[in-house]
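Peer 1: Next up, my_file-v4.cif (mmCIF, C-alpha atoms).
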data_structure
#
loop_
_atom_site.label_atom_id
_atom_site.label_comp_id
_atom_site.auth_asym_id
_atom_site.auth_seq_id
_atom_site.Cartn_x
_atom_site.Cartn_y
_atom_site.Cartn_z
CA MET K 1 -51.10 -15.34 64.17
CA GLN K 2 -47.83 -13.63 63.28
CA ASP K 3 -46.69 -16.55 61.13
CA CYS K 4 -49.95 -16.77 59.17
CA LYS K 5 -49.90 -16.47 55.41
CA PRO K 6 -52.00 -13.66 53.92
CA LEU K 7 -55.39 -14.55 52.47
CA ASP K 8 -57.23 -13.21 49.45
CA THR K 9 -60.58 -12.95 51.26
CA PRO K 10 -61.66 -12.65 54.90
CA VAL K 11 -64.37 -15.28 54.38
CA ALA K 12 -64.39 -18.14 51.89
CA LYS K 13 -67.37 -18.89 49.70
CA GLY K 14 -69.38 -21.66 51.30
CA ASP K 15 -68.31 -20.86 54.88
CA LYS K 16 -71.37 -21.03 57.09
CA SER K 17 -72.04 -19.67 60.55
CA ASN K 18 -75.20 -20.62 62.36
CA LEU K 19 -76.72 -21.17 65.79
CA LYS K 20 -75.94 -24.90 65.68
CA GLN K 21 -72.26 -23.93 66.09
CA CYS K 22 -72.96 -22.19 69.41
CA PRO K 23 -72.16 -24.11 72.60
CA ASN K 24 -75.05 -26.31 73.73
CA ASN K 25 -73.67 -27.60 77.04
CA ASP K 26 -71.15 -26.77 79.78
CA PHE K 27 -68.33 -28.74 78.14
CA GLU K 28 -68.66 -26.81 74.87
CA SER K 29 -68.94 -23.52 76.79
CA LYS K 30 -65.69 -24.32 78.68
CA GLN K 31 -63.85 -24.77 75.36
CA ILE K 32 -64.50 -21.17 74.35
CA GLU K 33 -64.48 -19.64 77.86
CA ASP K 34 -60.87 -18.38 77.80
CA ILE K 35 -60.99 -17.11 74.21
CA PRO K 36 -61.26 -13.29 73.99
CA TYR K 37 -63.96 -13.37 71.29
CA ALA K 38 -65.64 -10.08 72.34
CA SER K 39 -62.31 -8.27 72.48
CA ILE K 40 -61.25 -9.53 69.06
CA PHE K 41 -64.67 -8.68 67.68
CA GLY K 42 -64.31 -5.10 68.96
CA SER K 43 -60.94 -4.83 67.24
CA LEU K 44 -62.42 -6.17 64.02
CA MET K 45 -65.21 -3.60 64.20
CA TYR K 46 -62.67 -0.82 64.64
CA VAL K 47 -60.64 -2.03 61.66
CA GLN K 48 -63.77 -2.39 59.55
CA VAL K 49 -65.04 1.11 60.35
CA CYS K 50 -61.69 2.90 60.07
CA THR K 51 -59.74 1.15 57.32
CA HIS K 52 -61.41 -1.94 55.85
CA PRO K 53 -65.05 -1.44 54.84
CA ASP K 54 -64.66 -4.67 52.85
CA LEU K 55 -64.88 -6.54 56.17
CA ALA K 56 -68.44 -5.32 56.82
CA PHE K 57 -70.08 -8.58 55.72
CA ILE K 58 -68.01 -10.94 57.86
CA VAL K 59 -67.98 -8.60 60.88
CA GLY K 60 -71.77 -8.38 60.67
CA MET K 61 -72.02 -12.15 60.41
CA LEU K 62 -69.73 -12.70 63.41
CA SER K 63 -71.67 -10.12 65.47
CA ARG K 64 -74.70 -12.42 65.52
CA TYR K 65 -72.84 -14.81 67.82
CA LEU K 66 -71.26 -12.28 70.18
CA SER K 67 -73.29 -13.42 73.18
CA ASN K 68 -72.65 -17.14 72.68
CA PRO K 69 -69.76 -17.83 70.27
CA GLY K 70 -68.64 -21.35 69.48
CA PRO K 71 -65.26 -22.70 68.34
CA ALA K 72 -66.32 -22.40 64.67
CA HIS K 73 -67.03 -18.70 65.17
CA TRP K 74 -63.59 -18.26 66.75
CA VAL K 75 -61.99 -19.95 63.72
CA ALA K 76 -63.89 -17.56 61.42
CA ALA K 77 -62.74 -14.55 63.48
CA LYS K 78 -59.11 -15.75 63.31
CA ARG K 79 -59.42 -16.00 59.52
CA VAL K 80 -60.46 -12.35 59.39
CA MET K 81 -57.50 -11.38 61.57
CA ARG K 82 -55.05 -12.94 59.12
CA PRO K 83 -53.32 -10.38 56.94
CA LEU K 84 -55.12 -9.59 53.72
CA LYS K 85 -53.44 -9.27 50.36
CA LEU K 86 -53.50 -5.83 48.80
CA PHE K 87 -53.55 -5.48 45.05
CA CYS K 88 -51.93 -2.65 43.17
CA ASP K 89 -51.60 -1.82 39.46
CA ASN K 90 -48.48 0.32 39.89
CA LYS K 91 -45.28 -1.67 39.27
CA ALA K 92 -43.09 0.92 40.98
CA ALA K 93 -45.23 0.91 44.14
CA VAL K 94 -45.19 -2.90 44.31
CA TYR K 95 -41.42 -3.02 43.72
CA PHE K 96 -40.72 -0.34 46.33
CA SER K 97 -42.96 -2.03 48.92
CA ASN K 98 -41.46 -5.47 48.44
CA ASN K 99 -37.80 -4.48 48.35
CA ASN K 100 -35.63 -3.31 51.19
CA ARG K 101 -33.61 -0.86 49.12
CA SER K 102 -33.96 2.90 48.96
CA SER K 103 -32.56 5.25 46.42
CA THR K 104 -32.31 8.96 45.87
CA LYS K 105 -35.37 8.62 43.63
CA SER K 106 -37.48 7.36 46.53
CA LYS K 107 -36.58 10.15 48.97
CA HIS K 108 -39.65 12.18 47.93
CA ILE K 109 -42.02 9.47 49.18
CA ASP K 110 -44.18 10.72 52.02
CA LEU K 111 -43.56 9.18 55.43
CA LYS K 112 -47.08 7.73 55.64
CA PHE K 113 -46.34 5.49 52.64
CA LEU K 114 -43.25 4.09 54.35
CA VAL K 115 -45.62 2.50 56.87
CA VAL K 116 -46.91 0.26 54.07
CA LYS K 117 -43.37 -0.80 53.23
CA GLU K 118 -42.65 -1.53 56.89
CA ARG K 119 -45.80 -3.64 57.21
CA VAL K 120 -44.93 -5.60 54.07
CA GLN K 121 -41.47 -6.32 55.46
CA ASN K 122 -42.95 -7.42 58.80
CA GLY K 123 -45.37 -9.77 57.03
CA ILE K 124 -48.48 -7.95 58.21
CA ILE K 125 -49.69 -7.34 54.66
CA SER K 126 -48.60 -8.42 51.23
CA ILE K 127 -48.89 -6.48 47.98
CA GLU K 128 -49.28 -8.14 44.62
CA LEU K 129 -49.24 -6.61 41.17
CA ILE K 130 -52.47 -6.94 39.25
CA GLY K 131 -52.79 -5.75 35.69
CA SER K 132 -54.82 -2.66 34.87
CA GLY K 133 -57.08 -4.80 32.70
CA TYR K 134 -58.35 -6.52 35.84
CA MET K 135 -59.07 -3.36 37.81
CA LEU K 136 -62.82 -3.14 37.23
CA ALA K 137 -63.07 -0.22 39.65
CA ASP K 138 -61.18 1.86 37.06
CA LEU K 139 -64.58 2.20 35.39
CA LEU K 140 -65.59 4.44 38.27
CA THR K 141 -62.41 6.52 38.39
CA LYS K 142 -61.02 6.91 34.85
CA ALA K 143 -62.04 7.86 31.36
CA MET K 144 -61.85 4.93 28.93
CA THR K 145 -62.69 3.92 25.40
CA PRO K 146 -66.25 2.69 24.73
CA LYS K 147 -64.99 -0.85 24.03
CA VAL K 148 -63.20 -1.07 27.41
CA PHE K 149 -66.16 0.60 29.16
CA ILE K 150 -68.60 -2.00 27.79
CA GLU K 151 -66.20 -4.83 28.66
CA TYR K 152 -65.84 -3.62 32.27
CA THR K 153 -69.58 -3.09 32.77
CA THR K 154 -70.21 -6.59 31.42
CA HIS K 155 -67.70 -8.08 33.88
CA MET K 156 -69.35 -6.14 36.70
CA GLY K 157 -72.74 -7.57 35.76
CA VAL K 158 -74.26 -4.23 34.71
CA VAL K 159 -77.02 -4.76 32.18
CA SER K 160 -78.73 -2.36 29.82
CA LEU K 161 -82.37 -1.54 30.46
CA ASP K 162 -83.04 -0.41 26.88
CA GLY K 163 -86.51 -1.38 25.74
CA VAL K 164 -87.89 -1.86 29.26
#
Please express what this file holds, its structure, as structure tokens.
Peer 2:
Amino acid sequence: MQDCKPLDTPVAKGDKSNLKQCPNNDFESKQIEDIPYASIFGSLMYVQVCTHPDLAFIVGMLSRYLSNPGPAHWVAAKRVMRPLKLFCDNKAAVYFSNNNRSSTKSKHIDLKFLVVKERVQNGIISIELIGSGYMLADLLTKAMTPKVFIEYTTHMGVVSLDGV
């Protein structure tokens, strides 16, 4: 798993998990017998609760098969364990995280943020720059012009209930 490339999402659209993927005979049960599915699932739950609430959907889906997981469920769990891409709209933060240099201007950075840089360098996570115009969550955290506000709410799927 250490050589895996980061993914944009922990579950791809169209991925299905169902009871038909559970082992139906002894041969299929033997295939998954030595795989630590319950242990990995516990780790995923911890990560979801403590740092990645965005994993709630896939962790909930995988929990349905905890008592009888099949190879397809193991593949789905491994996909979640792959490093996720983080997106940031701060050019300086992205540059600092992706480069191995330090300068006197970066000495004020708190130690906890150096952990992010270390994890980027170890390939655990990757950080990509995304323009502020694509940060729809800014609607919830910043003041903006009416034009931008309407554009963001439209992209989020928020509709007006005027006249209802």
Peer 1: Calculated over only C-alpha atoms, which of the candidates K:Ser43, K:Arg79, K:Glu128, K:Leu66 has the smallest distance to Ser97 (chain K)?
Peer 2: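 The shortest atom-to-atom distance to Ser97 (chain K) comes from K:Glu128.
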Peer 1: Please list as a PyMOL selection string every residue within 10 Å of Cys88 (chain K), counting only C-alpha atoms and excluding residues in the same chain fewer than 5 positions away.
Peer 2: chain K and resi 93-94+127-132+135
Peer 1: Up to 12 Å from (-61.0, -18.0, 62.4) in the file's coordinates: name the residues, counting only C-alpha atoms, as a JSON list (two decimals) with C-alpha atoms, in the frame of the given file.
Peer 2:
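Heads up, here's the output in result_9.json:
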[["chain", "number", "residue", "atom", "x", "y", "z"],
["K", 1, "MET", "CA", -51.10, -15.34, 64.17],
["K", 4, "CYS", "CA", -49.95, -16.77, 59.17],
["K", 7, "LEU", "CA", -55.39, -14.55, 52.47],
["K", 10, "PRO", "CA", -61.66, -12.65, 54.90],
["K", 11, "VAL", "CA", -64.37, -15.28, 54.38],
["K", 12, "ALA", "CA", -64.39, -18.14, 51.89],
["K", 15, "ASP", "CA", -68.31, -20.86, 54.88],
["K", 17, "SER", "CA", -72.04, -19.67, 60.55],
["K", 35, "ILE", "CA", -60.99, -17.11, 74.21],
["K", 37, "TYR", "CA", -63.96, -13.37, 71.29],
["K", 40, "ILE", "CA", -61.25, -9.53, 69.06],
["K", 41, "PHE", "CA", -64.67, -8.68, 67.68],
["K", 58, "ILE", "CA", -68.01, -10.94, 57.86],
["K", 59, "VAL", "CA", -67.98, -8.60, 60.88],
["K", 62, "LEU", "CA", -69.73, -12.70, 63.41],
["K", 69, "PRO", "CA", -69.76, -17.83, 70.27],
["K", 70, "GLY", "CA", -68.64, -21.35, 69.48],
["K", 71, "PRO", "CA", -65.26, -22.70, 68.34],
["K", 72, "ALA", "CA", -66.32, -22.40, 64.67],
["K", 73, "HIS", "CA", -67.03, -18.70, 65.17],
["K", 74, "TRP", "CA", -63.59, -18.26, 66.75],
["K", 75, "VAL", "CA", -61.99, -19.95, 63.72],
["K", 76, "ALA", "CA", -63.89, -17.56, 61.42],
["K", 77, "ALA", "CA", -62.74, -14.55, 63.48],
["K", 78, "LYS", "CA", -59.11, -15.75, 63.31],
["K", 79, "ARG", "CA", -59.42, -16.00, 59.52],
["K", 80, "VAL", "CA", -60.46, -12.35, 59.39],
["K", 81, "MET", "CA", -57.50, -11.38, 61.57],
["K", 82, "ARG", "CA", -55.05, -12.94, 59.12]]
Peer 1: Separation of CA of Ala92 (chain K) and CA of Asp138 (chain K), in Å?
Peer 2: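 Going from CA of Ala92 (chain K) over to CA of Asp138 (chain K) covers 18.5 Å.
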